[in-house]
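Visitor: I have a structure I would like to understand better, so I am pasting it below and will then ask my questions one at a time.
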Amino acid sequence: MSIPSIRIQPYCLELPVWITDYLAQQPETYPTPDARMDLVITLAQLNIQYGTGGPFGAGVFRLDTQELVAPGVNLVLSSKSSMAHAEIVAMLMAQQIVGSHNLGAIGFPTHELVTSCEPCSMCLGGISWSGVRHIVCGARGSDAEAVGFDEGPKPANWIVELEQRGIAVTMDIRRTSASSVLQQYVQNGGEVYNGRKG
């Protein structure tokens with residue numbers, strides 16, 4: 001049996017242009033978990049408003065300076081890739097910006113991932129190897145599933161598993177606001193992509 005060779009064109013994942021304009025008007029630092037969560041929830045809302053993806057936002061921050069390293073929004077529909085979740089986009093961008101696949105490398109500051117919804121099973125795996133040392137979540141996975149999204153199989157004790165890897169987890173920061181973005185998306189006719197349902 002011969003396997004044909006497949007040539008894959010270079011793939012470039014780009015943030016929507018509106019993000020640069022929006023961030024140019026924002027503060028340079030985000031001193032509290034609530035301030036950081038407010039930013040990523042707003043990114044999720046704007047992602048819906050501009051029609052560039054699903055109702056999820058994320059950001060990687062330096063905890064020493066409280067600066068945003070890289071934003072992320074869900075780009076699944078616009079990129080035609082089921083893997084372009086907000087958390088993955090933010091971590092990919094942050095790693096490119098700092099010049100390392102490991103955001104927790106020796107000599108690096110502590111990095112925190114803030115996400116408008118707790119990670120799905122794919123993002124959970126990515127977080128484990130990203131080098132971030134803290135994650136902060138807004139909505140729960142059950143909030144995303146309640147509007148039709150598939151969060152995938154995750155261990156029931158996923159928080160303990162991350163903490164055993166040296167990654168602290170904070171839940172339910174601005175949960176009501178983050179959940180309302182998910183509901184708004186569905187109420188406005190946003191496409192709920194779910195691989196199990198076609």
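So you can find residues: chains in the structure tokens are A, B, ... in the order shown, residues in each start at 1, and ligands are numbered from 1 in order.
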Find the spatial neighbours of Ala144 of chain A, counting only C-alpha atoms, within a cut-off of 9 Å - ignore same-chain residues fewer than 5 positions away - and output them as a list in words.
Guide: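 Skipping anything fewer than 5 positions along the chain leaves Cys117, Glu118, Ala139, Phe149, Asp150, Glu151, Ser179, Leu182 and Gln183 of chain A.
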Visitor: Which residues of segment 9-90 of chain A sit at most 12 Å from segment 120-135 of chain A, using only C-alpha atoms? Give each one's shortest atom pair and distance in Å (one decimal place), in chain and ascending residue order, as CSV.
Guide:
```
residue,atom,partner,partner_atom,distance
A:Pro33,CA,A:Ile135,CA,10.1
A:Arg36,CA,A:Ile135,CA,11.3
A:Met37,CA,A:Ile135,CA,10.9
A:Phe56,CA,A:Cys120,CA,11.5
A:Ala58,CA,A:Ile135,CA,10.2
A:Gly59,CA,A:Ile135,CA,10.0
A:Val60,CA,A:Val132,CA,8.2
A:Phe61,CA,A:Val132,CA,9.3
A:Arg62,CA,A:Val132,CA,9.7
A:Leu63,CA,A:His134,CA,9.3
A:Val69,CA,A:Val132,CA,11.9
A:Asn74,CA,A:Cys123,CA,11.8
A:Ser82,CA,A:Met122,CA,10.0
A:Met83,CA,A:Met122,CA,7.8
A:Ala84,CA,A:Cys123,CA,9.8
A:His85,CA,A:Cys123,CA,7.5
A:Ala86,CA,A:Cys123,CA,8.9
A:Glu87,CA,A:Cys123,CA,6.5
A:Ile88,CA,A:Cys123,CA,6.3
A:Val89,CA,A:Cys123,CA,10.0
A:Ala90,CA,A:Ser130,CA,10.6
```
Visitor: Keeping C-alpha atoms for every residue in the selection just given, could you write it to a file as a PDB file, in the first residue's frame?
Guide:
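The resulting file, part_24.pdb, is shown below:
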```pdb
ATOM      1  CA  PRO A  33      -8.125  39.351  38.150  1.00  0.00           C
ATOM      2  CA  ARG A  36      -8.134  41.022  33.307  1.00  0.00           C
ATOM      3  CA  MET A  37     -11.399  39.083  33.075  1.00  0.00           C
ATOM      4  CA  PHE A  56     -14.920  33.208  23.731  1.00  0.00           C
ATOM      5  CA  ALA A  58      -8.687  34.898  26.415  1.00  0.00           C
ATOM      6  CA  GLY A  59      -5.428  36.607  27.237  1.00  0.00           C
ATOM      7  CA  VAL A  60      -1.962  35.756  28.500  1.00  0.00           C
ATOM      8  CA  PHE A  61      -0.658  38.234  31.083  1.00  0.00           C
ATOM      9  CA  ARG A  62       2.640  38.788  32.886  1.00  0.00           C
ATOM     10  CA  LEU A  63       1.874  38.715  36.582  1.00  0.00           C
ATOM     11  CA  VAL A  69       1.269  39.716  26.543  1.00  0.00           C
ATOM     12  CA  ASN A  74     -12.158  32.200  19.141  1.00  0.00           C
ATOM     13  CA  SER A  82     -11.688  23.491  15.046  1.00  0.00           C
ATOM     14  CA  MET A  83      -8.499  24.082  17.030  1.00  0.00           C
ATOM     15  CA  ALA A  84      -8.550  27.894  16.910  1.00  0.00           C
ATOM     16  CA  HIS A  85     -10.036  28.338  20.381  1.00  0.00           C
ATOM     17  CA  ALA A  86      -9.390  31.592  22.241  1.00  0.00           C
ATOM     18  CA  GLU A  87      -7.029  29.990  24.772  1.00  0.00           C
ATOM     19  CA  ILE A  88      -4.976  28.249  22.079  1.00  0.00           C
ATOM     20  CA  VAL A  89      -4.777  31.462  20.046  1.00  0.00           C
ATOM     21  CA  ALA A  90      -3.639  33.475  23.093  1.00  0.00           C
TER      22      ALA A  90
END
```
Visitor: Find the residue from A:Leu75, A:Ser142, A:Leu68, A:Thr29 that sits nearest to Gly51 of chain A; use only C-alpha atoms when measuring.
Guide: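 Under the stated criterion, the closest residue is A:Leu75.
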Visitor: Check the smallest atom-to-atom distance from each of A:Glu67, A:Arg140, A:Gln49, A:Ile106 to Pro27 of chain A using only C-alpha atoms, then report the winner.
Guide: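 Closest candidate: A:Glu67.
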Visitor: Give one line per residue of segment 34-55 of chain A that approaches segment 9-25 of chain A to at most 10 Å, naming the two atoms of the closest pair and their distance in Å to one decimal, counting only C-alpha atoms; sort by chain then ascending residue number and deliver it as a tab-separated table.
Guide:
```
residue	atom	partner	partner_atom	distance
A:Leu39	CA	A:Leu23	CA	9.4
A:Thr42	CA	A:Tyr22	CA	10.0
A:Leu43	CA	A:Ile19	CA	7.8
A:Leu46	CA	A:Trp18	CA	8.6
A:Asn47	CA	A:Pro16	CA	8.5
A:Tyr50	CA	A:Trp18	CA	8.1
A:Gly51	CA	A:Pro16	CA	9.9
A:Thr52	CA	A:Pro16	CA	6.9
A:Gly53	CA	A:Pro16	CA	9.4
```
Visitor: In terms of the shortest atom-to-atom distance over only C-alpha atoms, which of A:Glu161, A:Tyr30, A:Met91, A:Met171 is closest to Gly104 of chain A?
Guide: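 Ranking A:Glu161, A:Tyr30, A:Met91, A:Met171 by distance to Gly104 of chain A, first place goes to A:Met91.
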Visitor: Could you give me the residues within segment 1-175 of chain A that DSSP places in strand (DSSP E), as a PyMOL selection string?
Guide: chain A and resi 57-62+68-73+111-117+134-139+168-170
Visitor: Give me every alpha helix (DSSP H) residue in chain A, going by DSSP on the backbone, as a PyMOL selection string.
Guide: chain A and resi 17-24+33-49+76-79+86-98+121-130+141-146+158-164+175-187
Visitor: Taking into account only C-alpha atoms, which residue in the set A:Gly72, A:Val147, A:Pro119, A:Ile41 is nearest to Gly189 of chain A?
Guide: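 Between A:Gly72, A:Val147, A:Pro119, A:Ile41, the residue approaching Gly189 of chain A most closely is A:Val147.
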Visitor: Restricting the calculation to only C-alpha atoms: of A:Pro109, A:Glu28, A:Ser81, A:Pro55, which residue gets closest to Ser180 of chain A?
Guide: A:Pro55
Visitor: If we count only C-alpha atoms, what is near Ala168 of chain A at a cut-off of 9 Å, once residues fewer than 3 positions away on the same chain are taken out, given as a list in words?
Guide: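 Returned residues: Arg133, His134, Ile135, Val136, Ile159, Val160, Leu162, Glu163, Gln164 and Arg165 of chain A.
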Visitor: When distances are computed from only C-alpha atoms, which of A:Leu113, A:Ala105, A:Ile48, A:Val98 shows the smallest separation from Gln66 of chain A?
Guide: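 Under the stated criterion, the closest residue is A:Leu113.
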Visitor: In Å, with one decimal, what is the gap from atom CA of Asp172 of chain A to atom CA of Val192 of chain A?
Guide: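 Distance reported for this atom pair: 22.6 Å.
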